[in-house]
Structure formats: structure tokens, C-alpha cells
$ cat model.tsv   # TSV, N, CA and C atoms
chain	number	residue	atom	x	y	z
N	16	MET	N	3.22	-16.80	5.78
N	16	MET	CA	4.30	-15.85	5.71
N	16	MET	C	4.23	-14.93	6.94
N	17	ALA	N	5.38	-14.62	7.47
N	17	ALA	CA	5.43	-13.74	8.63
N	17	ALA	C	6.22	-12.49	8.28
N	18	VAL	N	5.77	-11.38	8.80
N	18	VAL	CA	6.50	-10.12	8.74
N	18	VAL	C	7.07	-9.92	10.14
N	19	GLU	N	8.37	-9.67	10.23
N	19	GLU	CA	9.00	-9.50	11.53
N	19	GLU	C	9.51	-8.07	11.68
N	20	LEU	N	9.34	-7.52	12.87
N	20	LEU	CA	9.81	-6.16	13.16
N	20	LEU	C	10.65	-6.18	14.41
N	21	ARG	N	11.70	-5.39	14.40
N	21	ARG	CA	12.56	-5.23	15.57
N	21	ARG	C	12.91	-3.75	15.70
N	22	ARG	N	12.97	-3.30	16.92
N	22	ARG	CA	13.31	-1.90	17.18
N	22	ARG	C	14.72	-1.59	16.70
N	23	VAL	N	14.88	-0.44	16.07
N	23	VAL	CA	16.20	0.02	15.65
N	23	VAL	C	16.94	0.47	16.91
N	24	PRO	N	18.11	-0.10	17.19
N	24	PRO	CA	18.83	0.26	18.41
N	24	PRO	C	19.06	1.77	18.52
N	25	GLY	N	18.75	2.32	19.68
N	25	GLY	CA	18.97	3.73	19.94
N	25	GLY	C	17.90	4.67	19.42
N	26	ALA	N	16.97	4.15	18.66
N	26	ALA	CA	15.90	5.00	18.11
N	26	ALA	C	14.70	4.98	19.05
N	27	PRO	N	14.02	6.11	19.20
N	27	PRO	CA	12.88	6.13	20.12
N	27	PRO	C	11.72	5.24	19.68
N	28	MET	N	11.47	5.14	18.37
N	28	MET	CA	10.32	4.37	17.90
N	28	MET	C	10.62	3.48	16.69
N	29	ALA	N	11.62	3.80	15.91
N	29	ALA	CA	11.85	3.16	14.61
N	29	ALA	C	11.94	1.64	14.72
N	30	GLN	N	11.37	0.98	13.72
N	30	GLN	CA	11.36	-0.48	13.64
N	30	GLN	C	11.95	-0.90	12.29
N	31	THR	N	12.80	-1.93	12.32
N	31	THR	CA	13.23	-2.54	11.07
N	31	THR	C	12.17	-3.58	10.71
N	32	VAL	N	11.62	-3.46	9.53
N	32	VAL	CA	10.60	-4.37	9.05
N	32	VAL	C	11.29	-5.38	8.12
N	33	HIS	N	11.17	-6.66	8.44
N	33	HIS	CA	11.80	-7.71	7.63
N	33	HIS	C	10.69	-8.52	6.96
N	34	ILE	N	10.68	-8.48	5.63
N	34	ILE	CA	9.71	-9.22	4.83
N	34	ILE	C	10.49	-10.05	3.81
N	35	ARG	N	10.39	-11.36	3.90
N	35	ARG	CA	11.18	-12.28	3.08
N	35	ARG	C	12.66	-11.84	3.11
N	36	ALA	N	13.23	-11.42	2.00
N	36	ALA	CA	14.65	-10.99	1.97
N	36	ALA	C	14.77	-9.47	1.96
N	37	HIS	N	13.72	-8.77	2.36
N	37	HIS	CA	13.70	-7.31	2.29
N	37	HIS	C	13.64	-6.68	3.67
N	38	ASP	N	14.40	-5.61	3.83
N	38	ASP	CA	14.37	-4.85	5.07
N	38	ASP	C	14.06	-3.40	4.76
N	39	LEU	N	13.23	-2.78	5.58
N	39	LEU	CA	12.97	-1.35	5.49
N	39	LEU	C	12.69	-0.85	6.89
N	40	VAL	N	12.71	0.46	7.04
N	40	VAL	CA	12.49	1.05	8.36
N	40	VAL	C	11.13	1.72	8.38
N	41	ALA	N	10.38	1.50	9.44
N	41	ALA	CA	9.13	2.22	9.70
N	41	ALA	C	9.36	3.05	10.95
N	42	ASP	N	8.82	4.25	10.94
N	42	ASP	CA	9.04	5.13	12.08
N	42	ASP	C	7.88	6.11	12.18
N	43	GLY	N	7.74	6.70	13.34
N	43	GLY	CA	6.78	7.77	13.53
N	43	GLY	C	7.40	9.09	13.13
N	44	SER	N	6.55	10.06	12.88
N	44	SER	CA	7.04	11.40	12.57
N	44	SER	C	7.64	12.02	13.84
N	45	VAL	N	8.33	13.12	13.66
N	45	VAL	CA	8.90	13.83	14.81
N	45	VAL	C	7.77	14.26	15.76
N	46	GLU	N	6.64	14.71	15.19
N	46	GLU	CA	5.50	15.13	16.00
N	46	GLU	C	4.93	13.98	16.84
N	47	GLU	N	5.09	12.76	16.35
N	47	GLU	CA	4.58	11.58	17.06
N	47	GLU	C	5.59	11.00	18.05
N	48	GLY	N	6.79	11.57	18.07
N	48	GLY	CA	7.82	11.08	18.97
N	48	GLY	C	8.89	10.23	18.31
N	49	GLY	N	8.79	10.06	16.99
N	49	GLY	CA	9.80	9.32	16.26
N	49	GLY	C	10.85	10.26	15.69
N	50	THR	N	11.65	9.74	14.78
N	50	THR	CA	12.66	10.57	14.11
N	50	THR	C	12.40	10.70	12.62
N	51	ASP	N	11.28	10.15	12.16
N	51	ASP	CA	10.92	10.20	10.74
N	51	ASP	C	12.00	9.56	9.86
N	52	SER	N	12.58	8.46	10.35
N	52	SER	CA	13.63	7.76	9.61
N	52	SER	C	13.08	6.80	8.57
N	53	GLY	N	11.77	6.72	8.48
N	53	GLY	CA	11.13	5.86	7.50
N	53	GLY	C	9.65	6.17	7.46
N	54	PRO	N	8.94	5.54	6.54
N	54	PRO	CA	7.50	5.77	6.47
N	54	PRO	C	6.79	5.29	7.73
N	55	SER	N	5.67	5.96	8.03
N	55	SER	CA	4.85	5.55	9.18
N	55	SER	C	4.00	4.35	8.79
N	56	PRO	N	3.40	3.67	9.76
N	56	PRO	CA	2.48	2.58	9.42
N	56	PRO	C	1.35	3.04	8.48
N	57	HIS	N	0.82	4.25	8.69
N	57	HIS	CA	-0.21	4.75	7.78
N	57	HIS	C	0.34	4.91	6.36
N	58	ASP	N	1.58	5.41	6.25
N	58	ASP	CA	2.21	5.55	4.93
N	58	ASP	C	2.33	4.20	4.24
N	59	LEU	N	2.73	3.18	5.00
N	59	LEU	CA	2.88	1.84	4.43
N	59	LEU	C	1.53	1.28	3.98
N	60	TYR	N	0.51	1.53	4.77
N	60	TYR	CA	-0.86	1.10	4.41
N	60	TYR	C	-1.28	1.74	3.09
N	61	ASP	N	-1.09	3.06	3.00
N	61	ASP	CA	-1.44	3.78	1.79
N	61	ASP	C	-0.61	3.30	0.60
N	62	ALA	N	0.69	3.08	0.83
N	62	ALA	CA	1.58	2.63	-0.24
N	62	ALA	C	1.20	1.24	-0.73
N	63	ALA	N	0.72	0.39	0.18
N	63	ALA	CA	0.28	-0.95	-0.23
N	63	ALA	C	-0.82	-0.86	-1.27
N	64	LEU	N	-1.74	0.07	-1.08
N	64	LEU	CA	-2.83	0.25	-2.05
N	64	LEU	C	-2.29	0.73	-3.38
N	65	GLY	N	-1.43	1.76	-3.36
N	65	GLY	CA	-0.88	2.29	-4.61
N	65	GLY	C	-0.05	1.27	-5.36
N	66	ALA	N	0.78	0.53	-4.63
N	66	ALA	CA	1.61	-0.49	-5.26
N	66	ALA	C	0.75	-1.59	-5.87
N	67	CYS	N	-0.27	-2.00	-5.15
N	67	CYS	CA	-1.15	-3.06	-5.66
N	67	CYS	C	-1.84	-2.63	-6.95
N	68	LYS	N	-2.34	-1.41	-6.97
N	68	LYS	CA	-3.01	-0.93	-8.18
N	68	LYS	C	-2.05	-0.89	-9.36
N	69	ALA	N	-0.84	-0.36	-9.15
N	69	ALA	CA	0.14	-0.29	-10.24
N	69	ALA	C	0.54	-1.69	-10.72
N	70	LEU	N	0.83	-2.59	-9.78
N	70	LEU	CA	1.23	-3.94	-10.16
N	70	LEU	C	0.10	-4.69	-10.86
N	71	THR	N	-1.12	-4.47	-10.41
N	71	THR	CA	-2.27	-5.12	-11.04
N	71	THR	C	-2.44	-4.64	-12.48
N	72	VAL	N	-2.32	-3.33	-12.70
N	72	VAL	CA	-2.43	-2.79	-14.06
N	72	VAL	C	-1.32	-3.35	-14.95
N	73	LEU	N	-0.09	-3.38	-14.45
N	73	LEU	CA	1.03	-3.91	-15.24
N	73	LEU	C	0.85	-5.39	-15.54
N	74	TRP	N	0.41	-6.16	-14.55
N	74	TRP	CA	0.19	-7.59	-14.75
N	74	TRP	C	-0.89	-7.82	-15.80
N	75	TYR	N	-2.01	-7.10	-15.67
N	75	TYR	CA	-3.13	-7.26	-16.60
N	75	TYR	C	-2.72	-6.84	-18.01
N	76	ALA	N	-2.01	-5.73	-18.13
N	76	ALA	CA	-1.59	-5.25	-19.45
N	76	ALA	C	-0.68	-6.27	-20.13
N	77	ARG	N	0.24	-6.83	-19.38
N	77	ARG	CA	1.13	-7.84	-19.96
N	77	ARG	C	0.34	-9.07	-20.39
N	78	ARG	N	-0.59	-9.49	-19.55
N	78	ARG	CA	-1.41	-10.68	-19.85
N	78	ARG	C	-2.26	-10.48	-21.10
N	79	LYS	N	-2.79	-9.26	-21.27
N	79	LYS	CA	-3.66	-8.97	-22.41
N	79	LYS	C	-2.90	-8.41	-23.62
N	80	GLY	N	-1.60	-8.21	-23.49
N	80	GLY	CA	-0.81	-7.68	-24.60
N	80	GLY	C	-1.06	-6.20	-24.86
N	81	LEU	N	-1.45	-5.45	-23.81
N	81	LEU	CA	-1.70	-4.01	-23.97
N	81	LEU	C	-0.37	-3.26	-23.87
N	82	PRO	N	-0.18	-2.24	-24.70
N	82	PRO	CA	1.10	-1.55	-24.78
N	82	PRO	C	1.35	-0.53	-23.66
N	83	VAL	N	1.33	-0.99	-22.42
N	83	VAL	CA	1.61	-0.11	-21.29
N	83	VAL	C	3.13	-0.03	-21.11
N	84	GLU	N	3.64	1.19	-21.15
N	84	GLU	CA	5.07	1.40	-20.97
N	84	GLU	C	5.44	1.70	-19.53
N	85	ASP	N	4.57	2.44	-18.83
N	85	ASP	CA	4.88	2.84	-17.47
N	85	ASP	C	3.59	3.15	-16.73
N	86	VAL	N	3.63	3.00	-15.41
N	86	VAL	CA	2.52	3.38	-14.55
N	86	VAL	C	3.11	4.17	-13.39
N	87	GLN	N	2.58	5.36	-13.17
N	87	GLN	CA	2.95	6.16	-12.01
N	87	GLN	C	1.70	6.37	-11.18
N	88	THR	N	1.84	6.21	-9.88
N	88	THR	CA	0.68	6.24	-8.99
N	88	THR	C	0.89	7.23	-7.86
N	89	VAL	N	-0.14	7.98	-7.55
N	89	VAL	CA	-0.14	8.88	-6.40
N	89	VAL	C	-1.32	8.49	-5.52
N	90	VAL	N	-1.07	8.36	-4.22
N	90	VAL	CA	-2.12	8.07	-3.26
N	90	VAL	C	-2.20	9.27	-2.31
N	91	GLU	N	-3.37	9.88	-2.24
N	91	GLU	CA	-3.57	11.01	-1.34
N	91	GLU	C	-4.48	10.58	-0.20
N	92	ARG	N	-4.08	10.92	1.02
N	92	ARG	CA	-4.77	10.51	2.23
N	92	ARG	C	-5.55	11.68	2.82
N	93	ASP	N	-6.78	11.37	3.24
N	93	ASP	CA	-7.56	12.30	4.05
N	93	ASP	C	-7.96	11.54	5.31
N	94	ALA	N	-7.19	11.75	6.36
N	94	ALA	CA	-7.44	11.05	7.62
N	94	ALA	C	-8.20	11.93	8.61
N	95	SER	N	-8.78	13.01	8.12
N	95	SER	CA	-9.44	13.97	9.02
N	95	SER	C	-10.61	13.36	9.78
N	96	ALA	N	-11.23	12.33	9.24
N	96	ALA	CA	-12.37	11.71	9.92
N	96	ALA	C	-12.05	10.28	10.39
N	97	GLU	N	-10.77	9.94	10.44
N	97	GLU	CA	-10.38	8.58	10.82
N	97	GLU	C	-10.93	8.19	12.19
N	98	ARG	N	-10.89	9.09	13.14
N	98	ARG	CA	-11.35	8.78	14.50
N	98	ARG	C	-12.86	8.53	14.56
N	99	THR	N	-13.59	8.97	13.53
N	99	THR	CA	-15.03	8.70	13.49
N	99	THR	C	-15.35	7.55	12.53
N	100	GLY	N	-14.30	6.86	12.05
N	100	GLY	CA	-14.52	5.66	11.25
N	100	GLY	C	-14.41	5.82	9.74
N	101	VAL	N	-13.91	6.96	9.26
N	101	VAL	CA	-13.78	7.14	7.81
N	101	VAL	C	-12.34	7.53	7.48
N	102	TYR	N	-11.70	6.73	6.67
N	102	TYR	CA	-10.33	6.96	6.22
N	102	TYR	C	-10.38	6.99	4.70
N	103	ARG	N	-10.08	8.12	4.12
N	103	ARG	CA	-10.24	8.27	2.67
N	103	ARG	C	-8.89	8.23	1.96
N	104	LEU	N	-8.82	7.42	0.92
N	104	LEU	CA	-7.66	7.36	0.06
N	104	LEU	C	-8.11	7.61	-1.37
N	105	ALA	N	-7.43	8.53	-2.04
N	105	ALA	CA	-7.71	8.81	-3.45
N	105	ALA	C	-6.46	8.40	-4.24
N	106	THR	N	-6.65	7.53	-5.21
N	106	THR	CA	-5.52	7.09	-6.03
N	106	THR	C	-5.66	7.66	-7.43
N	107	ARG	N	-4.51	8.04	-7.99
N	107	ARG	CA	-4.47	8.54	-9.36
N	107	ARG	C	-3.34	7.80	-10.07
N	108	LEU	N	-3.67	7.08	-11.11
N	108	LEU	CA	-2.68	6.37	-11.89
N	108	LEU	C	-2.50	7.06	-13.23
N	109	GLN	N	-1.26	7.25	-13.63
N	109	GLN	CA	-0.95	7.79	-14.95
N	109	GLN	C	-0.25	6.68	-15.71
N	110	VAL	N	-0.85	6.31	-16.84
N	110	VAL	CA	-0.35	5.21	-17.63
N	110	VAL	C	0.17	5.75	-18.96
N	111	SER	N	1.38	5.35	-19.32
N	111	SER	CA	1.91	5.76	-20.61
N	111	SER	C	1.95	4.56	-21.54
N	112	GLY	N	1.80	4.82	-22.81
N	112	GLY	CA	1.78	3.80	-23.84
N	112	GLY	C	0.76	4.17	-24.89
N	113	ASP	N	0.81	3.53	-26.01
N	113	ASP	CA	-0.10	3.80	-27.12
N	113	ASP	C	-1.42	3.07	-26.88
N	114	LEU	N	-2.24	3.65	-26.01
N	114	LEU	CA	-3.48	3.01	-25.59
N	114	LEU	C	-4.70	3.77	-26.09
N	115	THR	N	-5.75	3.04	-26.42
N	115	THR	CA	-7.00	3.67	-26.83
N	115	THR	C	-7.77	4.10	-25.58
N	116	ASP	N	-8.78	4.93	-25.76
N	116	ASP	CA	-9.63	5.32	-24.63
N	116	ASP	C	-10.30	4.11	-24.00
N	117	ALA	N	-10.69	3.15	-24.83
N	117	ALA	CA	-11.33	1.93	-24.31
N	117	ALA	C	-10.34	1.13	-23.46
N	118	GLN	N	-9.09	1.06	-23.87
N	118	GLN	CA	-8.09	0.34	-23.09
N	118	GLN	C	-7.79	1.05	-21.77
N	119	ILE	N	-7.78	2.38	-21.80
N	119	ILE	CA	-7.58	3.15	-20.57
N	119	ILE	C	-8.73	2.86	-19.59
N	120	ALA	N	-9.96	2.84	-20.11
N	120	ALA	CA	-11.13	2.55	-19.27
N	120	ALA	C	-11.05	1.13	-18.72
N	121	GLU	N	-10.62	0.19	-19.53
N	121	GLU	CA	-10.47	-1.20	-19.11
N	121	GLU	C	-9.43	-1.30	-17.97
N	122	LEU	N	-8.32	-0.59	-18.10
N	122	LEU	CA	-7.28	-0.62	-17.08
N	122	LEU	C	-7.75	0.05	-15.79
N	123	GLU	N	-8.58	1.08	-15.90
N	123	GLU	CA	-9.13	1.73	-14.71
N	123	GLU	C	-10.03	0.76	-13.95
N	124	THR	N	-10.83	0.01	-14.67
N	124	THR	CA	-11.70	-1.00	-14.05
N	124	THR	C	-10.86	-2.05	-13.34
N	125	VAL	N	-9.79	-2.48	-13.99
N	125	VAL	CA	-8.89	-3.47	-13.39
N	125	VAL	C	-8.24	-2.91	-12.13
N	126	ALA	N	-7.78	-1.65	-12.18
N	126	ALA	CA	-7.13	-1.04	-11.02
N	126	ALA	C	-8.07	-0.98	-9.82
N	127	GLN	N	-9.36	-0.79	-10.08
N	127	GLN	CA	-10.33	-0.72	-8.99
N	127	GLN	C	-10.59	-2.08	-8.35
N	128	LYS	N	-10.09	-3.13	-8.98
N	128	LYS	CA	-10.30	-4.48	-8.47
N	128	LYS	C	-9.02	-5.11	-7.92
N	129	CYS	N	-8.01	-4.31	-7.66
N	129	CYS	CA	-6.76	-4.90	-7.16
N	129	CYS	C	-7.02	-5.58	-5.82
N	130	PRO	N	-6.25	-6.61	-5.49
N	130	PRO	CA	-6.49	-7.37	-4.26
N	130	PRO	C	-6.45	-6.54	-2.98
N	131	VAL	N	-5.56	-5.57	-2.88
N	131	VAL	CA	-5.48	-4.78	-1.64
N	131	VAL	C	-6.70	-3.86	-1.53
N	132	HIS	N	-7.17	-3.31	-2.66
N	132	HIS	CA	-8.40	-2.50	-2.65
N	132	HIS	C	-9.54	-3.35	-2.08
N	133	LYS	N	-9.66	-4.58	-2.58
N	133	LYS	CA	-10.71	-5.48	-2.09
N	133	LYS	C	-10.51	-5.77	-0.60
N	134	LEU	N	-9.26	-6.01	-0.20
N	134	LEU	CA	-8.96	-6.30	1.20
N	134	LEU	C	-9.36	-5.14	2.09
N	135	MET	N	-9.13	-3.93	1.63
N	135	MET	CA	-9.43	-2.75	2.43
N	135	MET	C	-10.92	-2.41	2.47
N	136	THR	N	-11.68	-2.87	1.49
N	136	THR	CA	-13.06	-2.42	1.39
N	136	THR	C	-14.12	-3.51	1.52
N	137	THR	N	-13.79	-4.77	1.24
N	137	THR	CA	-14.84	-5.79	1.24
N	137	THR	C	-14.56	-7.00	2.11
N	138	VAL	N	-13.36	-7.12	2.64
N	138	VAL	CA	-13.00	-8.29	3.42
N	138	VAL	C	-12.99	-7.93	4.90
N	139	THR	N	-13.48	-8.81	5.71
N	139	THR	CA	-13.37	-8.63	7.14
N	139	THR	C	-12.02	-9.17	7.57
N	140	THR	N	-11.22	-8.31	8.17
N	140	THR	CA	-9.90	-8.72	8.64
N	140	THR	C	-10.00	-8.97	10.14
N	141	GLU	N	-9.64	-10.17	10.53
N	141	GLU	CA	-9.66	-10.51	11.96
N	141	GLU	C	-8.23	-10.45	12.47
N	142	ILE	N	-8.01	-9.72	13.55
N	142	ILE	CA	-6.68	-9.53	14.10
N	142	ILE	C	-6.66	-10.02	15.53
N	143	SER	N	-5.68	-10.84	15.83
N	143	SER	CA	-5.47	-11.24	17.21
N	143	SER	C	-4.13	-10.65	17.64
N	144	THR	N	-4.04	-10.27	18.89
N	144	THR	CA	-2.82	-9.66	19.41
N	144	THR	C	-2.47	-10.33	20.73
N	145	SER	N	-1.23	-10.72	20.85
N	145	SER	CA	-0.75	-11.23	22.15
N	145	SER	C	0.52	-10.48	22.49
N	146	LEU	N	0.71	-10.25	23.76
N	146	LEU	CA	1.89	-9.57	24.25
N	146	LEU	C	2.50	-10.46	25.31
N	147	GLU	N	3.80	-10.75	25.15
N	147	GLU	CA	4.44	-11.64	26.10
N	147	GLU	C	5.79	-11.07	26.54
N	148	ARG	N	6.27	-11.55	27.62
N	148	ARG	CA	7.55	-11.12	28.15
N	148	ARG	C	8.66	-11.67	27.26
N	149	ALA	N	9.63	-10.82	26.89
N	149	ALA	CA	10.76	-11.27	26.07
N	149	ALA	C	11.67	-12.16	26.91
N	150	PRO	N	12.31	-13.16	26.27
N	150	PRO	CA	13.21	-14.05	27.03
N	150	PRO	C	14.47	-13.32	27.48
$ encode --input "model.tsv" --output "C-alpha cells"
Amino acid sequence: MAVELRRVPGAPMAQTVHIRAHDLVADGSVEEGGTDSGPSPHDLYDAALGACKALTVLWYARRKGLPVEDVQTVVERDASAERTGVYRLATRLQVSGDLTDAQIAELETVAQKCPVHKLMTTVTTEISTSLERAP
């Protein structure tokens, strides 16, 4: 699968991100030289974690027949030490439904094992970059 990005015409930094049949805009903040017309790459990174945790909890609850009605997720970023190699994300999930304390604990364990959490913390990601002249 490929994710394709193209610069938004007339915008200093904004990119249209095309994923399968979905389009969204990514942009830098005004302080970074963008127009803040969409989330920044860091925002998208953080959102990927939150979305993965919520989707994982919903998938698991459905599979196990747990009465989860809704999941709301907040991801808080502390990038103060990013330049020294530490990027902190704190996630908080609020789950509604008639759940026991044991089921809540079970869902928390599942949320901690979402695929993006694993990708961010235990997998080595190898990135290659090439830059070529446009035709």
C-alpha cells in the first residue's frame, strides 16, 4: 500500500494526503511556516496511536461480546525532550457500557497491545528516502 502526498496549490507547506479512497490535509503550524490548514505530521503520528487503541478496544470487545457502547480517546504529547531522543505520549481511553472492573482491566491490557503501540515501541522501522527530479 502506498500513501501519496501532493502540495496544496498556493499553500506554503500544506500537503494533500491520499490514502486509499481518503484525502486529508497535513500542514505545519503558522509558527513553522505553514497555515495550520490541517494536522501536522506529529499530530498524525499521535492520532495514529489513539485511533489504533480505540479501534483495538472496539474490535476486541465485539469479538468477546463485551458491552462496550463507546470509546473516547485523548492523546497528550510531551515533545520537550524529543531532540534528546525521548518523545512521550500519554493516552487516556474512556469506555462506556455496562462493564465490570475486571472487563475494564482486560480492555486496558488489550489497548496497551494495539499494533501501532507495538510499532512505536518494539519494532525497528527501517526508512529509505530518495529524492529525484520531477518530470
$ atom_distance --input "model.tsv" --atom1 "atom N of Glu19 (chain N)" --atom2 "CA of Lys133 (chain N)"
23.1 Å
$ select_by_dssp --input "model.tsv" --residues "region 20-77 of chain N" --states "strand (DSSP E or B)" --output "MDAnalysis selection string"
chainID N and resid 20:22 30:34 37:41
$ closest_residue --input "model.tsv" --among "N:Ala63, N:Ala36, N:Pro54, N:Ala17" --to "His132 (chain N)" --atoms "all atoms listed in the file"
N:Ala63
$ residues_around --input "model.tsv" --residues "region 40-53 of chain N" --least-positions-apart "3" --cutoff "8 Å" --atoms "all atoms listed in the file" --output "PDB file with N, CA and C atoms, in the coordinates of the input"
ATOM      1  N   ALA N  26      16.970   4.150  18.660  1.00  0.00           N
ATOM      2  CA  ALA N  26      15.900   5.000  18.110  1.00  0.00           C
ATOM      3  C   ALA N  26      14.700   4.980  19.050  1.00  0.00           C
ATOM      4  N   PRO N  27      14.020   6.110  19.200  1.00  0.00           N
ATOM      5  CA  PRO N  27      12.880   6.130  20.120  1.00  0.00           C
ATOM      6  C   PRO N  27      11.720   5.240  19.680  1.00  0.00           C
ATOM      7  N   MET N  28      11.470   5.140  18.370  1.00  0.00           N
ATOM      8  CA  MET N  28      10.320   4.370  17.900  1.00  0.00           C
ATOM      9  C   MET N  28      10.620   3.480  16.690  1.00  0.00           C
ATOM     10  N   ALA N  29      11.620   3.800  15.910  1.00  0.00           N
ATOM     11  CA  ALA N  29      11.850   3.160  14.610  1.00  0.00           C
ATOM     12  C   ALA N  29      11.940   1.640  14.720  1.00  0.00           C
ATOM     13  N   GLN N  30      11.370   0.980  13.720  1.00  0.00           N
ATOM     14  CA  GLN N  30      11.360  -0.480  13.640  1.00  0.00           C
ATOM     15  C   GLN N  30      11.950  -0.900  12.290  1.00  0.00           C
ATOM     16  N   THR N  31      12.800  -1.930  12.320  1.00  0.00           N
ATOM     17  CA  THR N  31      13.230  -2.540  11.070  1.00  0.00           C
ATOM     18  C   THR N  31      12.170  -3.580  10.710  1.00  0.00           C
ATOM     19  N   VAL N  32      11.620  -3.460   9.530  1.00  0.00           N
ATOM     20  CA  VAL N  32      10.600  -4.370   9.050  1.00  0.00           C
ATOM     21  C   VAL N  32      11.290  -5.380   8.120  1.00  0.00           C
ATOM     22  N   HIS N  33      11.170  -6.660   8.440  1.00  0.00           N
ATOM     23  CA  HIS N  33      11.800  -7.710   7.630  1.00  0.00           C
ATOM     24  C   HIS N  33      10.690  -8.520   6.960  1.00  0.00           C
ATOM     25  N   HIS N  37      13.720  -8.770   2.360  1.00  0.00           N
ATOM     26  CA  HIS N  37      13.700  -7.310   2.290  1.00  0.00           C
ATOM     27  C   HIS N  37      13.640  -6.680   3.670  1.00  0.00           C
ATOM     28  N   PRO N  56       3.400   3.670   9.760  1.00  0.00           N
ATOM     29  CA  PRO N  56       2.480   2.580   9.420  1.00  0.00           C
ATOM     30  C   PRO N  56       1.350   3.040   8.480  1.00  0.00           C
ATOM     31  N   ASP N  58       1.580   5.410   6.250  1.00  0.00           N
ATOM     32  CA  ASP N  58       2.210   5.550   4.930  1.00  0.00           C
ATOM     33  C   ASP N  58       2.330   4.200   4.240  1.00  0.00           C
ATOM     34  N   LEU N  59       2.730   3.180   5.000  1.00  0.00           N
ATOM     35  CA  LEU N  59       2.880   1.840   4.430  1.00  0.00           C
ATOM     36  C   LEU N  59       1.530   1.280   3.980  1.00  0.00           C
TER      37      LEU N  59
END
$ residues_around --input "model.tsv" --residues "region 122-129 of chain N" --least-positions-apart "3" --cutoff "8 Å" --atoms "only N, CA and C atoms" --output "PyMOL selection string"
chain N and resi 67-72+75-76+116-119+132-135
$ residues_around --input "model.tsv" --residues "Asp93 (chain N)" --least-positions-apart "2" --cutoff "9 Å" --atoms "only C-alpha atoms" --output "number ranges by chain"
N: 91, 95-97, 101-105
$ atom_distance --input "model.tsv" --atom1 "CA of Val110 (chain N)" --atom2 "CA of Trp74 (chain N)"
13.1 Å
$ atom_distance --input "model.tsv" --atom1 "CA of Val89 (chain N)" --atom2 "atom C of Ala62 (chain N)"
9.6 Å
$ select_by_dssp --input "model.tsv" --residues "chain N" --states "alpha helix (DSSP H)" --output "VMD selection string"
chain N and resid 56 to 79 116 to 126 130 to 136
$ residues_around --input "model.tsv" --residues "Val83 (chain N)" --least-positions-apart "2" --cutoff "8 Å" --atoms "only C-alpha atoms" --output "list in words"
Leu73, Ala76, Arg77, Leu81, Asp85, Val86, Val110, Ser111, Gly112, Asp113 and Leu114 of chain N
$ write_last_selection --input "model.tsv" --atoms "N, CA and C atoms" --output "JSON list (two decimals), in the frame of the given file"
[["chain", "number", "residue", "atom", "x", "y", "z"],
["N", 73, "LEU", "N", -0.09, -3.38, -14.45],
["N", 73, "LEU", "CA", 1.03, -3.91, -15.24],
["N", 73, "LEU", "C", 0.85, -5.39, -15.54],
["N", 76, "ALA", "N", -2.01, -5.73, -18.13],
["N", 76, "ALA", "CA", -1.59, -5.25, -19.45],
["N", 76, "ALA", "C", -0.68, -6.27, -20.13],
["N", 77, "ARG", "N", 0.24, -6.83, -19.38],
["N", 77, "ARG", "CA", 1.13, -7.84, -19.96],
["N", 77, "ARG", "C", 0.34, -9.07, -20.39],
["N", 81, "LEU", "N", -1.45, -5.45, -23.81],
["N", 81, "LEU", "CA", -1.70, -4.01, -23.97],
["N", 81, "LEU", "C", -0.37, -3.26, -23.87],
["N", 85, "ASP", "N", 4.57, 2.44, -18.83],
["N", 85, "ASP", "CA", 4.88, 2.84, -17.47],
["N", 85, "ASP", "C", 3.59, 3.15, -16.73],
["N", 86, "VAL", "N", 3.63, 3.00, -15.41],
["N", 86, "VAL", "CA", 2.52, 3.38, -14.55],
["N", 86, "VAL", "C", 3.11, 4.17, -13.39],
["N", 110, "VAL", "N", -0.85, 6.31, -16.84],
["N", 110, "VAL", "CA", -0.35, 5.21, -17.63],
["N", 110, "VAL", "C", 0.17, 5.75, -18.96],
["N", 111, "SER", "N", 1.38, 5.35, -19.32],
["N", 111, "SER", "CA", 1.91, 5.76, -20.61],
["N", 111, "SER", "C", 1.95, 4.56, -21.54],
["N", 112, "GLY", "N", 1.80, 4.82, -22.81],
["N", 112, "GLY", "CA", 1.78, 3.80, -23.84],
["N", 112, "GLY", "C", 0.76, 4.17, -24.89],
["N", 113, "ASP", "N", 0.81, 3.53, -26.01],
["N", 113, "ASP", "CA", -0.10, 3.80, -27.12],
["N", 113, "ASP", "C", -1.42, 3.07, -26.88],
["N", 114, "LEU", "N", -2.24, 3.65, -26.01],
["N", 114, "LEU", "CA", -3.48, 3.01, -25.59],
["N", 114, "LEU", "C", -4.70, 3.77, -26.09]]
